[in-house]
file work-v9.tsv (TSV, C-alpha atoms)
chain	number	residue	atom	x	y	z
O	1	MET	CA	116.20	193.29	-18.81
O	2	PRO	CA	114.74	193.02	-22.33
O	3	LEU	CA	116.48	190.43	-24.50
O	4	GLU	CA	117.44	190.99	-28.12
O	5	SER	CA	118.08	187.31	-28.82
O	6	VAL	CA	118.49	183.96	-27.08
O	7	HIS	CA	120.24	180.96	-28.53
O	8	LYS	CA	121.29	177.50	-27.41
O	9	VAL	CA	125.07	177.01	-27.40
O	10	ALA	CA	125.42	173.46	-26.01
O	11	ASP	CA	123.46	170.24	-25.40
O	12	ALA	CA	125.15	167.32	-23.65
O	13	ASP	CA	124.51	164.19	-21.61
O	14	PHE	CA	124.52	164.92	-17.86
O	15	PRO	CA	124.30	162.08	-15.29
O	16	THR	CA	123.76	163.20	-11.67
O	17	ARG	CA	123.03	161.53	-8.35
O	18	TRP	CA	119.39	162.52	-8.89
O	19	GLY	CA	119.22	160.80	-12.28
O	20	HIS	CA	120.00	161.35	-15.95
O	21	PHE	CA	119.56	164.82	-17.46
O	22	ARG	CA	120.54	166.66	-20.59
O	23	ILE	CA	122.44	169.88	-19.83
O	24	LEU	CA	121.68	172.73	-22.23
O	25	GLY	CA	123.60	176.00	-22.32
O	26	PHE	CA	121.85	179.21	-23.38
O	27	GLU	CA	123.04	182.76	-23.98
O	28	GLY	CA	120.85	185.84	-24.20
O	29	LYS	CA	121.89	189.27	-25.47
O	30	ALA	CA	120.28	192.14	-23.55
O	31	VAL	CA	118.95	195.18	-25.40
O	32	SER	CA	119.34	197.99	-22.89
O	33	PRO	CA	120.28	196.85	-19.41
O	34	GLU	CA	119.08	199.00	-16.54
O	35	PRO	CA	121.63	199.34	-13.73
O	36	CYS	CA	120.66	197.77	-10.42
O	37	LYS	CA	122.21	200.73	-8.61
O	38	PRO	CA	119.96	203.77	-9.15
O	39	GLY	CA	121.97	206.53	-10.80
O	40	ALA	CA	124.71	204.20	-12.06
O	41	ILE	CA	125.94	204.57	-15.63
O	42	PRO	CA	124.45	201.79	-17.81
O	43	LEU	CA	127.07	199.37	-19.11
O	44	PRO	CA	127.16	197.99	-22.67
O	45	ALA	CA	124.54	195.30	-23.23
O	46	PRO	CA	125.89	192.10	-21.65
O	47	THR	CA	125.53	188.49	-22.72
O	48	GLU	CA	123.61	186.64	-20.01
O	49	GLY	CA	124.03	182.90	-19.58
O	50	ALA	CA	121.99	180.11	-18.02
O	51	VAL	CA	121.90	176.34	-18.11
O	52	ALA	CA	118.85	174.09	-18.24
O	53	LEU	CA	118.88	170.56	-16.85
O	54	VAL	CA	116.17	168.66	-18.70
O	55	MET	CA	114.86	165.22	-17.73
O	56	GLY	CA	112.30	163.04	-19.47
O	57	ASP	CA	109.26	163.95	-21.53
O	58	ILE	CA	108.55	167.64	-20.92
O	59	HIS	CA	105.84	168.00	-23.57
O	60	SER	CA	103.11	165.47	-22.70
O	61	ALA	CA	101.91	167.68	-19.82
O	62	ALA	CA	102.95	170.94	-18.15
O	63	PRO	CA	106.35	169.98	-16.69
O	64	ILE	CA	107.61	170.81	-13.24
O	65	VAL	CA	110.18	173.65	-13.46
O	66	ARG	CA	112.57	175.34	-11.06
O	67	ILE	CA	114.28	178.67	-11.84
O	68	HIS	CA	117.28	178.76	-9.50
O	69	SER	CA	119.56	181.75	-9.05
O	70	GLN	CA	123.25	180.96	-8.60
O	71	CYS	CA	124.41	180.93	-4.97
O	72	LEU	CA	128.09	180.02	-4.70
O	73	THR	CA	128.08	180.23	-0.92
O	74	GLY	CA	125.05	177.98	-0.52
O	75	ASP	CA	125.11	175.70	-3.56
O	76	VAL	CA	128.87	175.00	-3.48
O	77	PHE	CA	130.04	175.69	0.08
O	78	HIS	CA	126.79	174.59	1.81
O	79	SER	CA	126.36	177.88	3.67
O	80	LEU	CA	123.61	177.92	6.27
O	81	ARG	CA	123.05	181.67	5.93
O	82	CYS	CA	120.37	180.87	3.33
O	83	ASP	CA	118.16	178.02	2.11
O	84	CYS	CA	119.44	178.07	-1.50
O	85	ARG	CA	121.18	174.69	-1.54
O	86	GLN	CA	118.24	173.00	0.16
O	87	GLN	CA	115.87	174.47	-2.44
O	88	LEU	CA	118.15	173.35	-5.27
O	89	GLU	CA	118.25	169.78	-3.96
O	90	LEU	CA	114.51	169.79	-3.27
O	91	ALA	CA	113.87	170.74	-6.91
O	92	LEU	CA	116.22	168.14	-8.35
O	93	ALA	CA	114.70	165.46	-6.14
O	94	ARG	CA	111.17	166.45	-7.17
O	95	ILE	CA	112.07	166.35	-10.88
O	96	ALA	CA	113.66	162.92	-10.41
O	97	GLU	CA	110.60	161.68	-8.50
O	98	GLU	CA	108.32	162.71	-11.36
O	99	GLY	CA	110.73	161.45	-14.02
O	100	ALA	CA	110.47	164.66	-16.02
O	101	GLY	CA	111.11	168.36	-15.53
O	102	ILE	CA	113.50	171.25	-15.97
O	103	LEU	CA	115.86	173.11	-13.68
O	104	ILE	CA	117.07	176.46	-15.05
O	105	TYR	CA	120.20	177.72	-13.27
O	106	GLU	CA	120.82	181.44	-13.76
O	107	GLN	CA	123.99	183.43	-13.07
O	108	GLN	CA	122.30	185.92	-10.74
O	109	GLU	CA	124.42	185.72	-7.59
O	110	GLY	CA	123.16	187.60	-4.56
O	111	ARG	CA	119.74	188.38	-6.06
O	112	GLY	CA	121.56	189.84	-9.05
O	113	ILE	CA	124.10	192.14	-7.36
O	114	GLY	CA	127.10	189.83	-7.87
O	115	LEU	CA	129.38	187.84	-5.58
O	116	MET	CA	131.59	190.58	-4.09
O	117	PRO	CA	128.69	192.94	-3.30
O	118	LYS	CA	126.90	189.94	-1.78
O	119	LEU	CA	129.86	189.33	0.54
O	120	ARG	CA	129.84	193.02	1.49
O	121	ALA	CA	126.14	192.61	2.25
O	122	TYR	CA	127.07	189.68	4.51
O	123	GLU	CA	129.34	192.06	6.45
O	124	LEU	CA	126.45	194.45	6.94
O	125	GLN	CA	124.20	191.60	8.03
O	126	ASP	CA	126.79	190.69	10.66
O	127	ARG	CA	126.31	194.25	11.97
O	128	GLY	CA	122.54	193.85	12.26
O	129	PHE	CA	121.16	194.75	8.82
O	130	ASP	CA	118.71	192.31	7.26
O	131	THR	CA	119.14	191.15	3.65
O	132	VAL	CA	116.93	193.87	2.19
O	133	GLU	CA	118.47	196.65	4.30
O	134	ALA	CA	122.00	195.50	3.39
O	135	ASN	CA	121.33	195.72	-0.36
O	136	ILE	CA	119.81	199.19	0.04
O	137	GLU	CA	122.71	200.36	2.21
O	138	LEU	CA	125.08	199.34	-0.61
O	139	GLY	CA	122.99	201.33	-3.09
O	140	TYR	CA	121.23	198.40	-4.75
O	141	LYS	CA	117.59	197.48	-5.10
O	142	PRO	CA	116.39	194.78	-2.66
O	143	ASP	CA	116.24	192.31	-5.58
O	144	CYS	CA	117.99	193.04	-8.89
O	145	ARG	CA	116.93	189.87	-10.66
O	146	GLU	CA	114.83	189.70	-13.79
O	147	PHE	CA	113.55	186.51	-15.37
O	148	GLU	CA	113.29	187.18	-19.09
O	149	LEU	CA	115.99	184.64	-19.95
O	150	PRO	CA	114.30	181.67	-18.21
O	151	ALA	CA	111.02	182.55	-19.94
O	152	ALA	CA	112.81	182.70	-23.30
O	153	ILE	CA	114.46	179.34	-22.62
O	154	LEU	CA	111.10	177.75	-21.83
O	155	ARG	CA	109.67	179.14	-25.07
O	156	GLN	CA	112.66	177.75	-27.03
O	157	LEU	CA	111.93	174.37	-25.46
O	158	GLY	CA	108.41	174.62	-26.87
O	159	LEU	CA	106.59	175.11	-23.59
O	160	GLY	CA	103.53	177.27	-23.03
O	161	SER	CA	102.66	176.14	-19.51
O	162	VAL	CA	104.58	174.89	-16.47
O	163	ARG	CA	104.26	173.90	-12.84
O	164	LEU	CA	106.72	176.19	-11.07
O	165	ILE	CA	108.63	175.31	-7.90
O	166	THR	CA	108.95	178.64	-6.09
O	167	ASN	CA	108.00	180.66	-3.04
O	168	ASN	CA	108.57	183.90	-4.97
O	169	PRO	CA	105.44	185.35	-6.62
O	170	GLU	CA	107.62	187.60	-8.81
O	171	LYS	CA	108.83	184.53	-10.71
O	172	VAL	CA	105.25	183.52	-11.42
O	173	GLU	CA	104.41	187.06	-12.57
O	174	ALA	CA	107.52	187.26	-14.80
O	175	LEU	CA	106.73	183.99	-16.60
O	176	GLU	CA	103.09	184.87	-17.13
O	177	ALA	CA	104.02	188.35	-18.39
O	178	ALA	CA	106.18	186.56	-20.96
O	179	GLY	CA	103.30	184.32	-22.05
O	180	ILE	CA	104.19	181.19	-20.05
O	181	ILE	CA	101.14	180.00	-18.07
O	182	VAL	CA	101.94	178.83	-14.54
O	183	VAL	CA	99.22	176.26	-13.91
O	184	GLU	CA	100.55	175.33	-10.47
O	185	ARG	CA	102.89	176.94	-7.96
O	186	VAL	CA	104.67	174.18	-6.04
O	187	SER	CA	106.15	175.15	-2.69
O	188	ALA	CA	109.93	175.38	-2.40
O	189	GLN	CA	109.70	175.42	1.38
O	190	VAL	CA	112.49	173.51	3.11
O	191	GLU	CA	113.12	172.48	6.69
O	192	PRO	CA	114.33	175.69	8.39
O	193	GLU	CA	117.66	175.93	10.17
O	194	GLU	CA	118.12	178.25	13.12
O	195	SER	CA	120.89	180.01	11.19
O	196	PHE	CA	118.53	181.15	8.41
O	197	GLU	CA	115.18	181.49	10.19
O	198	HIS	CA	115.52	185.31	10.21
O	199	TYR	CA	116.49	185.27	6.52
O	200	LEU	CA	113.26	183.41	5.69
O	201	LYS	CA	111.25	185.79	7.89
O	202	ILE	CA	112.55	188.80	5.93
O	203	LYS	CA	111.73	187.10	2.60
O	204	ARG	CA	108.16	186.60	3.82
O	205	GLU	CA	107.63	190.00	5.43
O	206	LYS	CA	109.56	192.32	3.07
O	207	MET	CA	109.65	190.44	-0.24
O	208	GLY	CA	106.25	188.74	-0.25
O	209	HIS	CA	107.54	185.18	-0.44
O	210	ILE	CA	105.00	182.45	0.30
O	211	HIS	CA	105.69	179.62	2.75
O	212	ASP	CA	102.41	177.76	3.00
O	213	GLY	CA	102.47	174.62	0.88
O	214	VAL	CA	101.09	174.24	-2.64
O	215	GLU	CA	98.88	176.68	-4.48
O	216	ILE	CA	96.83	175.41	-7.44
O	217	ARG	CA	96.28	178.18	-9.97
O	218	THR	CA	93.56	178.24	-12.63
O	219	ALA	CA	94.87	179.15	-16.07
O	220	PRO	CA	93.15	182.19	-17.63
call {"tool": "encode", "arguments": {"input": "work-v9.tsv", "output": "structure tokens"}}
result
Amino acid sequence: MPLESVHKVADADFPTRWGHFRILGFEGKAVSPEPCKPGAIPLPAPTEGAVALVMGDIHSAAPIVRIHSQCLTGDVFHSLRCDCRQQLELALARIAEEGAGILIYEQQEGRGIGLMPKLRAYELQDRGFDTVEANIELGYKPDCREFELPAAILRQLGLGSVRLITNNPEKVEALEAAGIIVVERVSAQVEPEESFEHYLKIKREKMGHIHDGVEIRTAP
């Protein structure tokens, strides 16, 4: 979703159990949003929001960064249908261990389809659909997320290169397409639970996610 403008709306002290952060609020105005449901009528350009938790000196070297999509069921209610909460905590712990880094938390519930459609997708999964099939059955793309806002936030923070915690190569591609060099992809692999082993298998087989440790990338 191309962005017309991005601006910071808040910057506050933010102590957590992982350490001391600043919490920054950002809003981005989209130019011409493309509906996630093929054939749907485009809505007026929305204002998209995200927060960035920033710790330590992020400018002396390429900082470690996590772009995390909102998951109410996992992050808040500790659902074991997915590995979202575990990835969130892994990223915060890694930032705290290094003493510097950024976690960008985007409002893209259910890979961008929204909370209620995500719960409807859960119903379909209970009937035997996998996560990709459920989205398609509801008329959505397998993944409706775009990552222009995180890239714009990183640019506003004065960053040209990062070390990205992700298993999703699309996040790497999106940042580099926006001019942010990903010098290292750090694995976001967590200890699997039986309840989400199939979910991880589908992410690997149908969405190209990587679950094999750390990949060092050479900047162009």
call {"tool": "residues_around", "arguments": {"input": "work-v9.tsv", "residues": "stretch 164-181 of chain O", "least_positions_apart": "5", "cutoff": "6 Å", "atoms": "only C-alpha atoms", "output": "list of chain:residue names"}}
result
O:Ile64, O:Val65, O:Arg66, O:Ala151, O:Val186, O:Ser187, O:Ala188, O:His209, O:Ile210
call {"tool": "residues_around", "arguments": {"input": "work-v9.tsv", "residues": "O:His68", "least_positions_apart": "2", "cutoff": "8 Å", "atoms": "all atoms listed in the file", "output": "PDB file with C-alpha atoms, keeping the file's coordinate frame"}}
result
ATOM      1  CA  ARG O  66     112.570 175.340 -11.060  1.00  0.00           C
ATOM      2  CA  GLN O  70     123.250 180.960  -8.600  1.00  0.00           C
ATOM      3  CA  LEU O  88     118.150 173.350  -5.270  1.00  0.00           C
ATOM      4  CA  LEU O 103     115.860 173.110 -13.680  1.00  0.00           C
ATOM      5  CA  ILE O 104     117.070 176.460 -15.050  1.00  0.00           C
ATOM      6  CA  TYR O 105     120.200 177.720 -13.270  1.00  0.00           C
ATOM      7  CA  GLU O 106     120.820 181.440 -13.760  1.00  0.00           C
TER       8      GLU O 106
END
call {"tool": "residues_around", "arguments": {"input": "work-v9.tsv", "residues": "O:Pro117", "least_positions_apart": "2", "cutoff": "12 Å", "atoms": "only C-alpha atoms", "output": "PyMOL selection string"}}
result
chain O and resi 36-37+109-115+119-124+131+134-140
call {"tool": "residues_near_point", "arguments": {"input": "work-v9.tsv", "point": "(114.2, 172.1, -17.8)", "cutoff": "9 Å", "atoms": "only C-alpha atoms", "output": "PyMOL selection string"}}
result
chain O and resi 22-24+51-55+58+63-67+100-104+153-154+157
call {"tool": "atom_distance", "arguments": {"input": "work-v9.tsv", "atom1": "atom CA of O:Gln107", "atom2": "atom CA of O:Leu149"}}
result
10.6 Å
call {"tool": "axis_aligned_box", "arguments": {"input": "work-v9.tsv", "around": "stretch 165-182 of chain O", "padding_each_side": "6 Å", "output": "AutoDock Vina command-line options"}}
result
--center_x 105.0 --center_y 181.8 --center_z -12.5 --size_x 19.8 --size_y 25.0 --size_z 31.0
